[in-house]
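The file upload10.pdb contains PDB, C-alpha atoms:
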```pdb
ATOM      1  CA  MET A   6       6.503  39.043-108.183
ATOM      2  CA  ILE A   7       7.813  42.480-107.167
ATOM      3  CA  LEU A   8       5.319  42.606-104.317
ATOM      4  CA  ARG A   9       6.590  39.252-102.993
ATOM      5  CA  LEU A  10      10.193  40.431-103.244
ATOM      6  CA  LEU A  11       9.308  43.628-101.392
ATOM      7  CA  ALA A  12       7.473  41.675 -98.673
ATOM      8  CA  LEU A  13      10.419  39.279 -98.275
ATOM      9  CA  THR A  14      12.893  42.171 -98.053
ATOM     10  CA  CYS A  15      10.766  43.909 -95.426
ATOM     11  CA  ALA A  16      10.482  40.695 -93.400
ATOM     12  CA  ILE A  17      14.256  40.195 -93.451
ATOM     13  CA  LEU A  18      14.913  43.795 -92.406
ATOM     14  CA  ILE A  19      12.396  43.589 -89.568
ATOM     15  CA  ALA A  20      13.868  40.301 -88.335
ATOM     16  CA  ALA A  21      17.412  41.687 -88.459
ATOM     17  CA  ASN A  22      16.360  44.834 -86.618
ATOM     18  CA  CYS A  23      14.652  42.841 -83.855
ATOM     19  CA  ALA A  24      17.763  40.718 -83.305
ATOM     20  CA  VAL A  25      19.954  43.740 -82.523
ATOM     21  CA  ASP A  26      20.039  44.671 -78.839
ATOM     22  CA  PRO A  27      20.437  48.460 -78.601
ATOM     23  CA  ASN A  28      21.481  48.186 -74.937
ATOM     24  CA  LYS A  29      24.143  45.524 -75.517
ATOM     25  CA  ASN A  30      27.102  47.926 -75.206
ATOM     26  CA  GLU A  31      25.615  49.538 -72.113
ATOM     27  CA  ARG A  32      25.077  46.114 -70.528
ATOM     28  CA  LYS A  33      28.689  45.156 -71.297
ATOM     29  CA  ALA A  34      29.929  48.403 -69.733
ATOM     30  CA  VAL A  35      27.943  47.777 -66.530
ATOM     31  CA  LEU A  36      29.246  44.215 -66.228
ATOM     32  CA  ALA A  37      32.796  45.514 -66.776
ATOM     33  CA  GLY A  38      32.300  47.552 -63.596
ATOM     34  CA  LEU A  39      31.961  44.386 -61.526
ATOM     35  CA  SER A  40      35.081  42.947 -59.935
ATOM     36  CA  ARG A  41      36.645  40.329 -62.205
ATOM     37  CA  LYS A  42      38.684  38.293 -59.698
ATOM     38  CA  SER A  43      37.203  35.528 -57.606
ATOM     39  CA  GLY A  44      38.363  34.574 -54.133
ATOM     40  CA  ASN A  45      40.741  31.996 -55.601
ATOM     41  CA  GLY A  46      42.168  34.488 -58.114
ATOM     42  CA  LYS A  47      40.566  32.982 -61.226
ATOM     43  CA  ILE A  48      39.431  35.334 -63.953
ATOM     44  CA  MET A  49      35.721  35.006 -64.412
ATOM     45  CA  SER A  50      32.746  36.199 -66.346
ATOM     46  CA  TRP A  51      29.159  36.597 -65.234
ATOM     47  CA  LYS A  52      25.969  34.667 -65.788
ATOM     48  CA  VAL A  53      23.389  37.449 -65.633
ATOM     49  CA  ASN A  54      20.272  36.647 -63.617
ATOM     50  CA  ILE A  55      18.984  40.249 -63.507
ATOM     51  CA  LEU A  56      20.468  43.404 -64.990
ATOM     52  CA  ASN A  57      18.308  46.520 -64.855
ATOM     53  CA  ILE A  58      19.644  49.891 -65.948
ATOM     54  CA  SER A  59      17.989  53.271 -65.446
ATOM     55  CA  GLY A  60      20.006  56.335 -66.408
ATOM     56  CA  ASP A  61      23.313  56.277 -64.523
ATOM     57  CA  TRP A  62      22.229  53.526 -62.096
ATOM     58  CA  ALA A  63      22.106  49.753 -62.467
ATOM     59  CA  PHE A  64      21.098  46.742 -60.365
ATOM     60  CA  ALA A  65      22.812  43.445 -61.142
ATOM     61  CA  ASP A  66      22.163  39.949 -59.819
ATOM     62  CA  VAL A  67      24.887  37.753 -61.309
ATOM     63  CA  THR A  68      26.636  34.447 -60.747
ATOM     64  CA  PRO A  69      30.412  34.335 -61.313
ATOM     65  CA  VAL A  70      31.420  31.553 -63.690
ATOM     66  CA  ASP A  71      34.750  30.322 -64.999
ATOM     67  CA  ARG A  72      35.663  30.111 -68.663
ATOM     68  CA  THR A  73      33.811  26.823 -69.020
ATOM     69  CA  GLY A  74      30.608  28.191 -67.478
ATOM     70  CA  HIS A  75      30.894  26.464 -64.085
ATOM     71  CA  PRO A  76      29.912  28.589 -61.059
ATOM     72  CA  LEU A  77      32.889  29.810 -59.033
ATOM     73  CA  ALA A  78      30.920  31.196 -56.105
ATOM     74  CA  GLU A  79      27.479  32.166 -54.884
ATOM     75  CA  GLN A  80      25.488  34.806 -56.679
ATOM     76  CA  LYS A  81      26.463  38.440 -56.330
ATOM     77  CA  VAL A  82      24.139  41.415 -56.064
ATOM     78  CA  ALA A  83      25.476  44.858 -56.916
ATOM     79  CA  VAL A  84      24.238  48.386 -57.427
ATOM     80  CA  LEU A  85      26.436  50.348 -59.815
ATOM     81  CA  HIS A  86      26.717  54.036 -60.653
ATOM     82  CA  HIS A  87      27.993  55.412 -63.959
ATOM     83  CA  ILE A  88      30.750  57.916 -63.140
ATOM     84  CA  HIS A  89      31.423  60.839 -65.460
ATOM     85  CA  SER A  90      34.444  63.117 -65.182
ATOM     86  CA  HIS A  91      33.735  66.662 -64.027
ATOM     87  CA  SER A  92      36.605  67.990 -66.122
ATOM     88  CA  HIS A  93      36.077  69.754 -69.431
ATOM     89  CA  ASP A  94      36.895  66.686 -71.483
ATOM     90  CA  GLY A  95      33.819  64.852 -70.112
ATOM     91  CA  SER A  96      35.658  61.528 -70.040
ATOM     92  CA  ASP A  97      33.811  58.409 -68.974
ATOM     93  CA  LYS A  98      35.144  56.793 -65.794
ATOM     94  CA  GLY A  99      32.957  53.693 -66.152
ATOM     95  CA  TRP A 100      30.608  51.950 -63.744
ATOM     96  CA  LYS A 101      31.512  51.611 -60.056
ATOM     97  CA  GLU A 102      29.899  49.419 -57.409
ATOM     98  CA  LEU A 103      28.138  50.925 -54.396
ATOM     99  CA  ASP A 104      29.277  49.504 -51.052
ATOM    100  CA  LEU A 105      26.376  47.279 -49.952
ATOM    101  CA  SER A 106      28.079  46.110 -46.737
ATOM    102  CA  LYS A 107      25.998  48.608 -44.718
ATOM    103  CA  VAL A 108      22.699  47.222 -46.008
ATOM    104  CA  PRO A 109      20.988  45.072 -43.352
ATOM    105  CA  ARG A 110      20.207  41.493 -44.367
ATOM    106  CA  ASP A 111      16.637  40.232 -44.199
ATOM    107  CA  SER A 112      16.604  37.397 -41.651
ATOM    108  CA  ASN A 113      13.368  35.945 -43.076
ATOM    109  CA  GLU A 114      14.765  35.018 -46.467
ATOM    110  CA  GLU A 115      17.731  33.865 -48.469
ATOM    111  CA  GLU A 116      20.701  36.158 -48.892
ATOM    112  CA  TYR A 117      19.602  38.351 -51.812
ATOM    113  CA  GLY A 118      15.827  38.160 -51.997
ATOM    114  CA  PRO A 119      13.202  40.910 -52.298
ATOM    115  CA  GLY A 120      13.659  41.889 -48.634
ATOM    116  CA  PHE A 121      17.327  42.661 -49.231
ATOM    117  CA  GLN A 122      16.400  44.751 -52.263
ATOM    118  CA  LYS A 123      13.899  46.650 -50.096
ATOM    119  CA  ASN A 124      16.662  47.266 -47.538
ATOM    120  CA  ILE A 125      18.934  48.569 -50.315
ATOM    121  CA  ARG A 126      16.219  51.083 -51.234
ATOM    122  CA  LYS A 127      15.872  52.123 -47.569
ATOM    123  CA  THR A 128      19.643  52.520 -47.141
ATOM    124  CA  PHE A 129      20.042  54.429 -50.419
ATOM    125  CA  PRO A 130      16.704  56.257 -50.965
ATOM    126  CA  PHE A 131      18.103  58.222 -53.937
ATOM    127  CA  LEU A 132      18.275  55.111 -56.143
ATOM    128  CA  PRO A 133      15.693  54.938 -58.959
ATOM    129  CA  LYS A 134      12.978  52.357 -58.277
ATOM    130  CA  GLN A 135      13.114  51.168 -61.902
ATOM    131  CA  ILE A 136      16.404  49.339 -61.366
ATOM    132  CA  PHE A 137      14.682  47.003 -58.900
ATOM    133  CA  ALA A 138      11.801  46.088 -61.202
ATOM    134  CA  LYS A 139      11.647  42.450 -62.260
ATOM    135  CA  ARG A 140      12.293  42.119 -65.979
TER     136      ARG A 140
END
```
Any chance you could give the structure as structure tokens?
Amino acid sequence: MILRLLALTCAILIAANCAVDPNKNERKAVLAGLSRKSGNGKIMSWKVNILNISGDWAFADVTPVDRTGHPLAEQKVAVLHHIHSHSHDGSDKGWKELDLSKVPRDSNEEEYGPGFQKNIRKTFPFLPKQIFAKR
């Protein structure tokens, strides 16, 4: 009887531990760094297609959606950098988007495919390769 109770307790603890996402707060912080206003001024949230984080860098492929979950615009691709204050207090300045307007588009594919990601890496060679891995 005690052995069954111990096994059941262990199973519950393992299941509860697996359900907790240790990166949830970090993911929320990265998404908070994305612009929140759409072209028509509506407040939106993001449907995450890809969100890869490595250290202070992140790659996001998201679709802006309204409060009811309907897409407001085409997908958005962003590379974000976590900014830390250089002052003594070490305050966190959040995640800021890199300007991707200088990245050449790949004429052989849709707007944000693997070719565009390759061009991002060529334009910004200091970015960690891990943020472009498919997960």
Run through the PyMOL selection byres ((chain A and resi 57) around 8) on the given coordinates and return the selected residues as an mmCIF file with C-alpha atoms, in the frame of the given file.
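Contents of expr-v3.cif, as written:
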```cif
data_model
loop_
_atom_site.group_PDB
_atom_site.id
_atom_site.type_symbol
_atom_site.label_atom_id
_atom_site.label_comp_id
_atom_site.auth_asym_id
_atom_site.auth_seq_id
_atom_site.Cartn_x
_atom_site.Cartn_y
_atom_site.Cartn_z
ATOM 1 C CA ILE A 55 18.984 40.249 -63.507
ATOM 2 C CA LEU A 56 20.468 43.404 -64.990
ATOM 3 C CA ILE A 58 19.644 49.891 -65.948
ATOM 4 C CA SER A 59 17.989 53.271 -65.446
ATOM 5 C CA ALA A 63 22.106 49.753 -62.467
ATOM 6 C CA PHE A 64 21.098 46.742 -60.365
ATOM 7 C CA ALA A 65 22.812 43.445 -61.142
ATOM 8 C CA GLN A 135 13.114 51.168 -61.902
ATOM 9 C CA ILE A 136 16.404 49.339 -61.366
ATOM 10 C CA PHE A 137 14.682 47.003 -58.900
ATOM 11 C CA ALA A 138 11.801 46.088 -61.202
ATOM 12 C CA ARG A 140 12.293 42.119 -65.979
#
```
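Interatomic distance, CA of Val35 in chain A against CA of Arg110 in chain A: 24.3 Å.
The space between CA of Leu103 in chain A and CA of Asn28 in chain A spans 21.8 Å.
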For this structure, which residues satisfy the selection - the PyMOL selection byres ((chain A and resi 105) around 12) - when it is evaluated on the file as given? I want them as a PDB file with C-alpha atoms, in the frame of the given file.
```pdb
ATOM      1  CA  PHE A  64      21.098  46.742 -60.365  1.00  0.00           C
ATOM      2  CA  LYS A  81      26.463  38.440 -56.330  1.00  0.00           C
ATOM      3  CA  VAL A  82      24.139  41.415 -56.064  1.00  0.00           C
ATOM      4  CA  ALA A  83      25.476  44.858 -56.916  1.00  0.00           C
ATOM      5  CA  VAL A  84      24.238  48.386 -57.427  1.00  0.00           C
ATOM      6  CA  LEU A  85      26.436  50.348 -59.815  1.00  0.00           C
ATOM      7  CA  GLU A 102      29.899  49.419 -57.409  1.00  0.00           C
ATOM      8  CA  LEU A 103      28.138  50.925 -54.396  1.00  0.00           C
ATOM      9  CA  ASP A 104      29.277  49.504 -51.052  1.00  0.00           C
ATOM     10  CA  SER A 106      28.079  46.110 -46.737  1.00  0.00           C
ATOM     11  CA  LYS A 107      25.998  48.608 -44.718  1.00  0.00           C
ATOM     12  CA  VAL A 108      22.699  47.222 -46.008  1.00  0.00           C
ATOM     13  CA  PRO A 109      20.988  45.072 -43.352  1.00  0.00           C
ATOM     14  CA  ARG A 110      20.207  41.493 -44.367  1.00  0.00           C
ATOM     15  CA  TYR A 117      19.602  38.351 -51.812  1.00  0.00           C
ATOM     16  CA  PHE A 121      17.327  42.661 -49.231  1.00  0.00           C
ATOM     17  CA  GLN A 122      16.400  44.751 -52.263  1.00  0.00           C
ATOM     18  CA  ASN A 124      16.662  47.266 -47.538  1.00  0.00           C
ATOM     19  CA  ILE A 125      18.934  48.569 -50.315  1.00  0.00           C
ATOM     20  CA  ARG A 126      16.219  51.083 -51.234  1.00  0.00           C
ATOM     21  CA  LYS A 127      15.872  52.123 -47.569  1.00  0.00           C
ATOM     22  CA  THR A 128      19.643  52.520 -47.141  1.00  0.00           C
ATOM     23  CA  PHE A 129      20.042  54.429 -50.419  1.00  0.00           C
TER      24      PHE A 129
END
```
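Remark: for Pro69 in chain A, the closest of the candidate residues A:Pro130, A:Lys139, A:Lys101, A:Leu36 is A:Leu36 (distances computed over only C-alpha atoms).
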Report task. Between A:Ser96, A:Asn30, A:Lys52, A:Asp61, single out the one closest to Glu79 in chain A, counting all atoms listed in the file. Result -> A:Lys52
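One distance worth recording is that between CA of Trp62 in chain A and CA of Asp111 in chain A, which is 23.0 Å.
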Requested in this report: Could you tell me which of A:Gly60, A:Pro133, A:Gly99, A:Pro76 comes closest to Leu39 in chain A if we count all atoms listed in the file?
Outcome: A:Gly99
Report task. Would you translate the PyMOL selection byres ((chain A and resi 72) around 9) into the concrete set of residues it matches in this file, as a PyMOL selection string? Result -> chain A and resi 48-50+70-71+73-75
May I have the selected residues written with C-alpha atoms, as a PDB file, in the frame of the given file?
```
ATOM      1  CA  ILE A  48      39.431  35.334 -63.953  1.00  0.00           C
ATOM      2  CA  MET A  49      35.721  35.006 -64.412  1.00  0.00           C
ATOM      3  CA  SER A  50      32.746  36.199 -66.346  1.00  0.00           C
ATOM      4  CA  VAL A  70      31.420  31.553 -63.690  1.00  0.00           C
ATOM      5  CA  ASP A  71      34.750  30.322 -64.999  1.00  0.00           C
ATOM      6  CA  THR A  73      33.811  26.823 -69.020  1.00  0.00           C
ATOM      7  CA  GLY A  74      30.608  28.191 -67.478  1.00  0.00           C
ATOM      8  CA  HIS A  75      30.894  26.464 -64.085  1.00  0.00           C
TER       9      HIS A  75
END
```
Query raised in the report: Can you tell me, as JSON, numbers by chain, what residues are no more than 10 Å from Lys98 in chain A when counting all atoms listed in the file, ignoring any on the same chain fewer than 3 positions away?
Result: {"A": [38, 87, 88, 89, 90, 95, 101]}
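Using all atoms listed in the file, the nearest neighbour of Val53 in chain A within the list A:Lys29, A:Gln80, A:Lys123, A:Ala34 is A:Gln80.
Considering all atoms listed in the file, the residue among A:Gly118, A:Phe131, A:Trp100, A:His86 positioned nearest to Asp66 in chain A is A:Gly118.
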Only C-alpha atoms needed: put range 125-138 of chain A from the block into a file as a CSV table (one decimal), in the first residue's frame.
```csv
chain,number,residue,atom,x,y,z
A,125,ILE,CA,20.2,37.4,-42.3
A,126,ARG,CA,23.2,35.3,-41.2
A,127,LYS,CA,25.3,36.8,-44.0
A,128,THR,CA,24.3,40.3,-43.2
A,129,PHE,CA,24.9,39.8,-39.4
A,130,PRO,CA,27.6,37.1,-39.1
A,131,PHE,CA,27.9,37.6,-35.4
A,132,LEU,CA,24.5,36.1,-34.7
A,133,PRO,CA,24.5,32.6,-33.1
A,134,LYS,CA,23.6,29.8,-35.5
A,135,GLN,CA,21.4,28.1,-32.9
A,136,ILE,CA,18.7,30.8,-33.2
A,137,PHE,CA,18.1,29.7,-36.8
A,138,ALA,CA,17.7,26.0,-36.0
```
